[in-house]
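With compact mmCIF, C-alpha atoms inside, this is start_16.txt:
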# COMPACT_ATOMS: atom_id res chain seq x y z
CA MET V 16 0.00 0.00 0.00
CA ALA V 17 1.27 3.45 -0.89
CA SER V 18 2.29 5.31 2.22
CA HIS V 19 1.14 8.77 1.18
CA ARG V 20 -1.29 9.99 -1.43
CA VAL V 21 -3.71 12.88 -1.37
CA ASP V 22 -6.42 13.42 -3.98
CA ALA V 23 -6.83 16.99 -2.83
CA ARG V 24 -7.76 18.82 -6.04
CA PRO V 25 -11.27 18.47 -7.43
CA GLN V 26 -10.02 17.64 -10.91
CA ASP V 27 -8.01 14.71 -9.56
CA SER V 28 -11.10 12.92 -8.29
CA VAL V 29 -13.32 13.67 -11.25
CA ALA V 30 -10.80 13.06 -14.00
CA SER V 31 -9.37 9.87 -12.54
CA GLU V 32 -12.68 8.08 -12.09
CA GLY V 33 -15.54 9.30 -14.22
CA SER V 34 -18.96 8.11 -13.13
CA ALA V 35 -18.96 5.34 -15.78
CA ARG V 36 -15.85 3.81 -14.19
CA ARG V 37 -16.89 4.05 -10.58
CA ARG V 38 -17.41 0.75 -8.88
CA ALA V 39 -20.67 -0.59 -7.53
CA PRO V 40 -20.85 -2.46 -4.20
CA TYR V 41 -20.47 -6.21 -4.10
CA PRO V 42 -23.66 -8.28 -4.57
CA GLU V 43 -26.10 -8.77 -1.72
CA ILE V 44 -25.25 -11.61 0.64
CA GLU V 45 -26.75 -13.18 3.76
CA PRO V 46 -24.94 -13.89 7.04
CA HIS V 47 -23.85 -17.45 7.75
CA GLU V 48 -23.50 -16.89 11.50
CA SER V 49 -25.02 -14.55 14.06
CA GLY V 50 -25.61 -14.25 17.77
CA MET V 51 -26.08 -12.10 20.84
CA LEU V 52 -23.02 -11.25 22.91
CA ASP V 53 -23.46 -10.47 26.60
CA VAL V 54 -21.11 -7.57 27.37
CA GLY V 55 -22.29 -6.89 30.91
CA ASP V 56 -24.31 -3.98 32.29
CA GLY V 57 -27.44 -5.83 31.15
CA GLN V 58 -26.42 -5.26 27.51
CA GLN V 59 -26.45 -7.83 24.71
CA LEU V 60 -25.03 -6.96 21.30
CA HIS V 61 -26.28 -8.42 18.05
CA TRP V 62 -23.47 -9.50 15.73
CA GLU V 63 -23.25 -11.37 12.45
CA CYS V 64 -20.66 -12.80 10.07
CA SER V 65 -20.99 -13.06 6.31
CA GLY V 66 -18.63 -13.74 3.44
CA ARG V 67 -15.88 -16.34 3.76
CA PRO V 68 -16.02 -18.11 7.15
CA ASP V 69 -12.23 -18.55 7.28
CA GLY V 70 -11.48 -15.27 5.53
CA THR V 71 -9.61 -12.16 6.61
CA PRO V 72 -11.65 -10.57 9.42
CA VAL V 73 -13.02 -7.06 8.94
CA VAL V 74 -15.32 -5.33 11.41
CA PHE V 75 -17.79 -2.68 10.25
CA VAL V 76 -18.14 0.08 12.86
CA HIS V 77 -21.41 1.87 12.20
CA GLY V 78 -22.19 5.53 12.60
CA GLY V 79 -24.46 7.63 14.71
CA PRO V 80 -23.80 6.79 17.48
CA GLY V 81 -27.05 4.89 17.45
CA GLY V 82 -27.31 4.23 13.72
CA GLY V 83 -27.13 0.43 13.71
CA THR V 84 -26.14 -1.81 10.82
CA ASN V 85 -28.04 -2.85 7.72
CA PRO V 86 -27.51 -5.44 4.94
CA ALA V 87 -25.97 -2.86 2.60
CA HIS V 88 -22.95 -2.63 4.90
CA ARG V 89 -21.91 -6.18 4.00
CA ARG V 90 -21.46 -5.10 0.39
CA MET V 91 -18.36 -2.97 0.96
CA PHE V 92 -16.11 -6.05 1.13
CA ASP V 93 -15.15 -8.89 -1.20
CA PRO V 94 -17.11 -11.84 0.25
CA SER V 95 -14.74 -14.36 -1.32
CA VAL V 96 -11.88 -13.01 0.79
CA TYR V 97 -13.29 -11.34 3.90
CA ARG V 98 -15.05 -12.61 6.99
CA ILE V 99 -17.39 -9.63 7.28
CA ILE V 100 -18.40 -8.79 10.84
CA LEU V 101 -21.27 -6.42 11.61
CA VAL V 102 -22.26 -5.48 15.14
CA ASP V 103 -24.97 -3.19 16.50
CA GLN V 104 -23.61 -0.96 19.25
CA ARG V 105 -25.33 -0.68 22.63
CA GLY V 106 -28.93 0.45 22.62
CA CYS V 107 -29.60 0.37 18.89
CA GLY V 108 -30.27 -1.90 15.93
CA ARG V 109 -30.96 -5.45 17.06
CA SER V 110 -28.99 -5.13 20.30
CA VAL V 111 -30.94 -5.17 23.55
CA PRO V 112 -32.17 -3.40 25.50
CA HIS V 113 -33.04 -0.83 22.85
CA VAL V 114 -33.00 2.86 23.73
CA ALA V 115 -36.55 3.23 22.40
CA ASP V 116 -37.50 0.73 25.13
CA GLY V 117 -35.75 2.67 27.87
CA ALA V 118 -32.18 1.30 27.81
CA ASP V 119 -29.89 2.83 30.41
CA LEU V 120 -27.66 5.40 28.69
CA SER V 121 -25.38 5.75 31.73
CA VAL V 122 -23.64 2.54 30.60
CA ASN V 123 -23.34 3.73 27.01
CA THR V 124 -20.09 5.65 26.49
CA THR V 125 -17.22 5.60 24.02
CA TRP V 126 -15.17 3.46 26.37
CA HIS V 127 -17.98 0.96 26.87
CA LEU V 128 -18.17 0.61 23.07
CA VAL V 129 -14.39 0.24 22.74
CA ALA V 130 -14.49 -2.55 25.34
CA ASP V 131 -17.43 -4.15 23.54
CA LEU V 132 -15.49 -4.34 20.26
CA GLU V 133 -12.57 -5.96 22.01
CA ARG V 134 -14.85 -8.45 23.71
CA LEU V 135 -16.40 -9.33 20.35
CA ARG V 136 -12.96 -9.88 18.82
CA GLU V 137 -12.09 -12.24 21.66
CA HIS V 138 -15.45 -13.99 21.39
CA LEU V 139 -14.85 -14.69 17.70
CA GLY V 140 -11.32 -15.96 18.41
CA LEU V 141 -9.59 -13.42 16.17
CA HIS V 142 -5.99 -12.30 16.54
CA GLN V 143 -6.39 -9.14 14.43
CA TRP V 144 -8.94 -7.54 12.17
CA LEU V 145 -9.25 -4.74 9.66
CA VAL V 146 -11.35 -1.91 11.13
CA PHE V 147 -13.75 -0.03 8.85
CA GLY V 148 -15.74 2.96 10.12
CA GLY V 149 -17.47 6.09 8.89
CA SER V 150 -18.71 9.26 10.58
CA TRP V 151 -19.13 8.33 14.28
CA GLY V 152 -17.79 4.96 13.18
CA SER V 153 -14.50 6.67 12.32
CA THR V 154 -14.36 8.15 15.84
CA LEU V 155 -14.97 4.80 17.48
CA ALA V 156 -12.63 2.98 15.10
CA LEU V 157 -9.84 5.41 15.95
CA ALA V 158 -10.53 5.23 19.69
CA TYR V 159 -10.53 1.43 19.53
CA ALA V 160 -7.30 1.31 17.52
CA GLN V 161 -5.60 3.67 19.94
CA GLU V 162 -6.56 1.41 22.85
CA HIS V 163 -5.71 -1.86 21.05
CA PRO V 164 -3.22 -1.10 18.26
CA ASP V 165 -1.82 -4.62 18.28
CA ARG V 166 -5.25 -6.00 17.33
CA VAL V 167 -5.67 -3.84 14.21
CA ARG V 168 -4.31 -4.74 10.75
CA GLY V 169 -5.23 -1.35 9.36
CA LEU V 170 -8.10 1.11 9.08
CA VAL V 171 -10.44 2.26 6.33
CA LEU V 172 -12.19 5.45 7.44
CA ARG V 173 -14.84 7.66 5.87
CA GLY V 174 -16.41 11.01 6.78
CA ILE V 175 -13.99 11.76 9.60
CA PHE V 176 -15.59 12.88 12.85
CA LEU V 177 -13.23 13.70 15.72
CA CYS V 178 -16.05 14.64 18.10
CA ARG V 179 -14.51 17.93 19.17
CA PRO V 180 -16.80 20.59 20.68
CA SER V 181 -16.24 22.81 17.65
CA GLU V 182 -17.63 20.06 15.40
CA ILE V 183 -20.77 19.70 17.53
CA ASP V 184 -21.20 23.48 17.51
CA TRP V 185 -20.89 23.55 13.72
CA PHE V 186 -23.57 20.99 12.99
CA TYR V 187 -25.98 21.19 15.92
CA ARG V 188 -25.71 24.79 17.10
CA GLY V 189 -26.08 26.73 13.89
CA GLY V 190 -22.97 26.63 11.72
CA ALA V 191 -24.30 24.30 9.04
CA ALA V 192 -27.59 26.25 9.05
CA HIS V 193 -25.89 28.78 6.78
CA LEU V 194 -25.84 26.11 4.06
CA PHE V 195 -29.20 24.50 4.83
CA PRO V 196 -31.42 27.27 6.23
CA ASP V 197 -34.56 25.57 4.92
CA VAL V 198 -33.78 22.25 6.62
CA TRP V 199 -32.63 24.08 9.76
CA GLU V 200 -36.17 25.37 10.21
CA GLY V 201 -37.32 21.78 10.72
CA TYR V 202 -34.57 21.20 13.27
CA LEU V 203 -35.60 24.33 15.17
CA ALA V 204 -39.34 23.59 15.11
CA PRO V 205 -39.53 21.45 18.30
CA LEU V 206 -37.31 23.93 20.15
CA LEU V 207 -39.42 26.90 19.08
CA ALA V 208 -42.57 25.09 20.17
CA ALA V 209 -41.09 24.30 23.58
CA ASP V 210 -39.08 27.42 24.40
CA GLY V 211 -40.35 30.16 22.08
CA PRO V 212 -38.46 32.24 19.51
CA GLU V 213 -37.08 34.75 22.01
CA ALA V 214 -35.20 32.02 23.90
CA VAL V 215 -34.15 29.96 20.87
CA HIS V 216 -32.69 32.96 19.01
CA ARG V 217 -30.95 34.39 22.04
CA PRO V 218 -27.11 34.21 21.86
CA GLY V 219 -25.81 31.31 23.90
CA TYR V 220 -28.94 29.18 23.59
CA ASP V 221 -27.83 25.53 23.75
CA HIS V 222 -29.69 23.54 21.10
CA VAL V 223 -28.14 20.24 22.19
CA ALA V 224 -29.16 20.70 25.82
CA ALA V 225 -32.67 21.74 24.79
CA TYR V 226 -33.02 18.64 22.63
CA HIS V 227 -31.85 16.49 25.54
CA ARG V 228 -34.70 17.85 27.62
CA LEU V 229 -37.28 17.16 24.89
CA LEU V 230 -35.99 13.68 24.08
CA HIS V 231 -36.44 12.63 27.72
CA CYS V 232 -39.45 14.72 28.73
CA GLY V 233 -41.76 11.76 29.36
CA ASP V 234 -44.37 12.70 26.76
CA PRO V 235 -44.15 10.12 23.92
CA GLU V 236 -45.53 12.46 21.27
CA THR V 237 -43.04 15.22 22.10
CA GLU V 238 -40.15 12.77 22.30
CA VAL V 239 -40.91 11.23 18.90
CA ALA V 240 -41.36 14.64 17.26
CA ALA V 241 -38.02 15.80 18.64
CA ALA V 242 -36.30 12.55 17.63
CA ARG V 243 -37.60 12.78 14.08
CA ALA V 244 -36.58 16.43 13.74
CA TRP V 245 -33.07 15.70 15.05
CA THR V 246 -32.65 12.68 12.78
CA THR V 247 -34.11 14.37 9.70
CA TRP V 248 -31.68 17.26 10.07
CA GLU V 249 -28.77 14.83 9.73
CA THR V 250 -30.18 12.60 7.01
CA SER V 251 -31.31 15.59 4.92
CA THR V 252 -27.87 17.20 4.92
CA SER V 253 -25.74 14.10 4.36
CA MET V 254 -25.65 14.03 0.56
CA LEU V 255 -24.37 16.51 -1.98
CA LEU V 256 -27.19 15.48 -4.32
CA PRO V 257 -30.23 14.34 -2.30
CA ARG V 258 -31.40 10.79 -2.82
CA GLN V 259 -28.75 10.08 -5.46
CA ALA V 260 -27.86 6.81 -3.75
CA ALA V 261 -30.55 6.03 -1.19
CA PRO V 262 -30.38 2.20 -1.55
CA MET V 263 -27.08 2.03 0.37
CA GLY V 264 -28.36 3.58 3.58
CA THR V 265 -31.10 5.52 5.31
CA ALA V 266 -30.86 8.75 3.32
CA ASP V 267 -34.62 9.08 2.98
CA PRO V 268 -36.04 10.71 6.14
CA ASP V 269 -39.52 9.51 5.15
CA GLY V 270 -38.32 5.92 5.53
CA ILE V 271 -37.14 6.28 9.12
CA SER V 272 -39.22 4.60 11.81
CA ASP V 273 -40.02 6.24 15.12
CA ARG V 274 -38.06 3.47 16.85
CA PHE V 275 -34.93 4.18 14.79
CA ALA V 276 -35.29 7.93 15.26
CA LEU V 277 -35.60 7.61 19.05
CA ALA V 278 -32.47 5.49 19.35
CA PHE V 279 -30.49 7.59 16.90
CA ALA V 280 -31.42 10.96 18.41
CA ARG V 281 -31.22 9.95 22.08
CA ILE V 282 -27.87 8.18 21.76
CA GLU V 283 -26.31 10.91 19.60
CA ASN V 284 -27.56 13.62 21.91
CA HIS V 285 -26.27 11.70 24.94
CA TYR V 286 -22.79 11.49 23.44
CA PHE V 287 -22.71 15.05 22.17
CA SER V 288 -23.89 16.39 25.51
CA HIS V 289 -20.76 14.81 27.02
CA ASP V 290 -18.18 15.64 24.31
CA ALA V 291 -18.28 11.94 23.37
CA PHE V 292 -16.59 11.12 26.70
CA LEU V 293 -13.23 11.91 25.06
CA LYS V 294 -12.08 14.53 27.57
CA GLY V 295 -8.44 13.81 28.29
CA ALA V 296 -8.28 11.32 25.41
CA ALA V 297 -8.75 13.44 22.28
CA ILE V 298 -8.15 11.48 19.08
CA LEU V 299 -5.49 13.78 17.60
CA ASP V 300 -3.57 13.86 20.89
CA ARG V 301 -3.03 10.09 20.80
CA MET V 302 -2.01 9.52 17.19
CA ASP V 303 1.41 8.25 18.26
CA ARG V 304 -0.31 5.03 19.34
CA ILE V 305 -1.36 4.15 15.79
CA SER V 306 1.09 6.07 13.60
CA HIS V 307 2.58 2.78 12.40
CA LEU V 308 -0.74 1.39 11.16
CA PRO V 309 -1.75 1.68 7.49
CA ALA V 310 -4.91 3.65 6.82
CA VAL V 311 -7.04 4.93 3.96
CA ILE V 312 -9.20 7.99 4.61
CA VAL V 313 -12.07 8.90 2.26
CA HIS V 314 -13.94 12.17 2.62
CA GLY V 315 -16.37 14.18 0.51
CA ARG V 316 -15.27 17.73 -0.25
CA TYR V 317 -18.81 19.00 0.35
CA ASP V 318 -19.43 17.09 3.55
CA VAL V 319 -21.59 19.39 5.67
CA VAL V 320 -22.06 16.99 8.60
CA CYS V 321 -18.32 16.48 9.13
CA PRO V 322 -16.32 19.13 7.24
CA VAL V 323 -13.37 17.96 5.19
CA ALA V 324 -10.95 19.87 7.45
CA ASN V 325 -11.40 17.00 9.92
CA ALA V 326 -9.91 14.53 7.44
CA TRP V 327 -7.14 16.95 6.49
CA GLU V 328 -6.11 17.38 10.13
CA LEU V 329 -6.21 13.64 10.78
CA HIS V 330 -4.09 12.95 7.72
CA ALA V 331 -1.60 15.65 8.74
CA ALA V 332 -1.23 13.92 12.11
CA TRP V 333 -0.84 10.51 10.42
CA PRO V 334 1.89 10.78 7.77
CA GLY V 335 1.51 7.17 6.71
CA SER V 336 -2.18 7.51 5.93
CA GLU V 337 -3.66 7.91 2.46
CA LEU V 338 -6.31 10.57 1.95
CA HIS V 339 -8.87 10.74 -0.86
CA ILE V 340 -10.98 13.89 -1.04
CA VAL V 341 -13.88 13.15 -3.38
CA ALA V 342 -14.80 16.24 -5.37
CA ASP V 343 -18.47 15.50 -5.99
CA ALA V 344 -19.60 14.04 -2.67
CA GLY V 345 -20.96 14.97 0.73
CA HIS V 346 -21.06 12.78 3.83
CA ALA V 347 -22.88 9.58 2.90
CA MET V 348 -21.16 6.26 2.27
CA SER V 349 -23.66 5.61 -0.50
CA GLU V 350 -22.52 8.48 -2.70
CA PRO V 351 -20.83 6.99 -5.80
CA GLY V 352 -17.40 8.55 -5.35
CA ILE V 353 -17.25 7.63 -1.66
CA THR V 354 -18.37 4.07 -2.36
CA HIS V 355 -15.80 3.70 -5.13
CA HIS V 356 -12.83 4.72 -2.99
CA LEU V 357 -13.95 2.59 -0.05
CA LEU V 358 -14.22 -0.48 -2.28
CA GLU V 359 -10.78 0.23 -3.72
CA ALA V 360 -9.41 0.51 -0.21
CA THR V 361 -10.91 -2.71 1.13
CA ASP V 362 -9.70 -4.55 -1.97
CA ARG V 363 -6.17 -3.28 -1.41
CA PHE V 364 -6.19 -4.56 2.16
CA ARG V 365 -6.87 -8.09 0.94
CA PRO V 366 -4.04 -10.50 1.72
Target encoding structure tokens, full file:
Amino acid sequence: MASHRVDARPQDSVASEGSARRRAPYPEIEPHESGMLDVGDGQQLHWECSGRPDGTPVVFVHGGPGGGTNPAHRRMFDPSVYRIILVDQRGCGRSVPHVADGADLSVNTTWHLVADLERLREHLGLHQWLVFGGSWGSTLALAYAQEHPDRVRGLVLRGIFLCRPSEIDWFYRGGAAHLFPDVWEGYLAPLLAADGPEAVHRPGYDHVAAYHRLLHCGDPETEVAAARAWTTWETSTSMLLPRQAAPMGTADPDGISDRFALAFARIENHYFSHDAFLKGAAILDRMDRISHLPAVIVHGRYDVVCPVANAWELHAAWPGSELHIVADAGHAMSEPGITHHLLEATDRFRP
């Protein structure tokens, strides 16, 4: 693998892989093994394996936090080579208890999730695995690798999110509203209804804290409305061209269930209210722990959810990494240019 390559200019990405040459995901497959892993604290995680049973292990670290996995995630890896491992993090997906059913969020932190991944690796009897993560999944993948560098073959990361307060401020406290003022109105609607325009538009108003109050207010109708508004804000801003690749994920806010929205919004808000529990363990401050590991970073130039500066800073702190900035993409894994580079990366990590 090349140690250093940056597709930083828009013409590089467009000229080198026109849309006709961009790769499609691997065909749909079904898991050949699955189970529930007891990780303590009353939590059981749903996991599955697909692809080659004795293949090179790769773990898919999903986003959110609280997003869960779906069958499309299996398609980012060559099933003839990889043992493809998907796991739903605490409180979401098919793991239990589910946050929509009242799961205890006090035992749901970054470090619980890092420990859960390590417990799953041990449960599956694996020495090492390739770690693949996007958005929040990139945060958790990096945190896991920094805690257990000897268990990681390499990393494939997309839509870099370092979970710094400035990043939360940008997306949830008004920065990205300058690009999506129409969608921002929907995000503000539950807050305006609860607190009134004078409070919401006052300098220093904390949107994240206000959403935390609404998401746990005890009134089901209010909680669901807030959860859907929070979730729709993210899904509606994730793609450069809306709905251009909806089959690979949950880009369509109309297709989101109340149950998904509650888990997604409550878990995200819980993490973002606590700076992702990374105080004293910021990702960029601990890059020396994984500087020797190979990594491919893929990021859309027009990513509004996680601005491309995040990927640029991570790459600068990781000289051996390879960065691809995709000129015609936003945040979503399903966008053609993002998908293409991720498939190229996972293929190159094949033994």
Task: Atom-to-atom span, CA of Gly149 (chain V) and CA of Arg173 (chain V), Å - done: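 Calculated distance between CA of Gly149 (chain V) and CA of Arg173 (chain V) is 4.3 Å.
If you measure from each of V:Ala224, V:Leu141, V:Val341, V:Ala347 to Ile183 (chain V) using all atoms listed in the file, the closest one turns out to be V:Ala224.
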TODO: Write out as a PyMOL selection string each polymer residue whose atoms come within 9 Å of Arg166 (chain V), counting all atoms listed in the file; drop sequence neighbours fewer than 2 positions from it.
DONE: chain V and resi 133+136+141-145+160+163-164+168
Determine, for each residue of region 104-125 of chain V having at least one atom at most 10 Å from an atom of region 281-300 of chain V, the closest pair of atoms and their separation in Å to one decimal, counting all atoms listed in the file; order by chain and ascending number, as JSON lines.
{"residue": "V:Arg105", "atom": "CA", "partner": "V:Ile282", "partner_atom": "CA", "distance": 9.3}
{"residue": "V:Gly106", "atom": "CA", "partner": "V:Ile282", "partner_atom": "CA", "distance": 7.8}
{"residue": "V:Cys107", "atom": "CA", "partner": "V:Ile282", "partner_atom": "CA", "distance": 8.5}
{"residue": "V:Val114", "atom": "CA", "partner": "V:Arg281", "partner_atom": "CA", "distance": 7.5}
{"residue": "V:Ala115", "atom": "CA", "partner": "V:Arg281", "partner_atom": "CA", "distance": 8.6}
{"residue": "V:Leu120", "atom": "CA", "partner": "V:His285", "partner_atom": "CA", "distance": 7.5}
{"residue": "V:Ser121", "atom": "CA", "partner": "V:His285", "partner_atom": "CA", "distance": 9.1}
{"residue": "V:Asn123", "atom": "CA", "partner": "V:Ile282", "partner_atom": "CA", "distance": 8.2}
{"residue": "V:Thr124", "atom": "CA", "partner": "V:Phe292", "partner_atom": "CA", "distance": 6.5}
{"residue": "V:Thr125", "atom": "CA", "partner": "V:Phe292", "partner_atom": "CA", "distance": 6.2}
Output for the residues just chosen: C-alpha atoms as a PDB file, in the frame of the given file:
ATOM      1  CA  ARG V 105     -25.330  -0.680  22.630  1.00  0.00           C
ATOM      2  CA  GLY V 106     -28.930   0.450  22.620  1.00  0.00           C
ATOM      3  CA  CYS V 107     -29.600   0.370  18.890  1.00  0.00           C
ATOM      4  CA  VAL V 114     -33.000   2.860  23.730  1.00  0.00           C
ATOM      5  CA  ALA V 115     -36.550   3.230  22.400  1.00  0.00           C
ATOM      6  CA  LEU V 120     -27.660   5.400  28.690  1.00  0.00           C
ATOM      7  CA  SER V 121     -25.380   5.750  31.730  1.00  0.00           C
ATOM      8  CA  ASN V 123     -23.340   3.730  27.010  1.00  0.00           C
ATOM      9  CA  THR V 124     -20.090   5.650  26.490  1.00  0.00           C
ATOM     10  CA  THR V 125     -17.220   5.600  24.020  1.00  0.00           C
TER      11      THR V 125
END
Report as CSV: every residue of region 183-301 of chain V with an atom at most 10 Å from region 306-325 of chain V, its closest pair of atoms, and their distance in Å to one decimal, counting all atoms listed in the file, with rows sorted by chain and ascending residue number.
residue,atom,partner,partner_atom,distance
V:Ile183,CA,V:Cys321,CA,9.3
V:Trp185,CA,V:Val320,CA,8.4
V:Phe186,CA,V:Val320,CA,6.1
V:Tyr187,CA,V:Val320,CA,9.3
V:Gly190,CA,V:Val319,CA,9.5
V:Ala191,CA,V:Val319,CA,6.5
V:Ala192,CA,V:Val319,CA,9.7
V:Leu194,CA,V:Val319,CA,8.1
V:Phe195,CA,V:Val319,CA,9.2
V:Trp248,CA,V:Val320,CA,9.7
V:Glu249,CA,V:Val320,CA,7.1
V:Thr250,CA,V:Val320,CA,9.4
V:Thr252,CA,V:Val319,CA,6.7
V:Ser253,CA,V:Val320,CA,6.3
V:Met254,CA,V:Asp318,CA,7.5
V:Leu255,CA,V:Tyr317,CA,6.5
V:Arg301,CA,V:Ser306,CA,9.2
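Proximity of V:Arg274, V:Arg217, V:His61, V:His222 to Ala240 (chain V), computed with only C-alpha atoms, is greatest for V:Arg274.
The coordinates place CA of Trp62 (chain V) at 10.1 Å from CA of Val74 (chain V).
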Open item on the list: Let me make sure I understand: among V:Glu359, V:Glu337, V:Gly81, V:Met91, which one has the smallest atom-to-atom distance to Glu43 (chain V) if we use only C-alpha atoms?
Closed with: V:Met91
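Counting only C-alpha atoms and comparing V:Trp245, V:Ser349, V:Ala208, V:Asp234, the residue that lies closest to Arg188 (chain V) is V:Trp245.
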Open item on the list: Env of Leu101 (chain V): 9 Å cut, atoms = only C-alpha atoms, seq-sep filter 2 positions within chain, self excluded. Answer as a ChimeraX atom specification.
Closed with: /V:61-65,73-77,84-85,88-89,99,103
For region 215-221 of chain V, what centre and edge lengths in Å (one decimal) does the axis-aligned box get once 3 Å is added on each side of all its listed atoms, as lines of an AutoDock Vina configuration file?
center_x = -30.0
center_y = 30.0
center_z = 21.5
size_x = 14.3
size_y = 14.9
size_z = 10.9
- [ ] Would you please work out which residue, of V:Gly152, V:Gly270, V:Pro72, V:Gly117, is nearest to Arg243 (chain V) when using all atoms listed in the file?
- [x]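 Nearest candidate to Arg243 (chain V) out of V:Gly152, V:Gly270, V:Pro72, V:Gly117: V:Gly270.
One distance worth recording is that between CA of Tyr202 (chain V) and CA of Leu128 (chain V), which is 28.1 Å.
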TODO: May I have the protein, DNA and RNA residues with an atom at most 10 Å from (-37.2, 15.8, 24.3), counting only C-alpha atoms in the file's coordinates, returned as a list in words?
DONE: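 All residues meeting the 10 Å criterion around (-37.2, 15.8, 24.3) are Pro205, Leu206, Ala209, Ala224, Ala225, Tyr226, His227, Arg228, Leu229, Leu230, His231, Cys232, Gly233, Asp234, Pro235, Glu236, Thr237, Glu238, Val239, Ala240, Ala241, Ala242, Leu277, Ala280 and Arg281 of chain V.
Nearest to Ile353 (chain V) of all the residues V:Pro86, V:Gly174, V:Gly219, V:Pro94 is V:Gly174, based on only C-alpha atoms.
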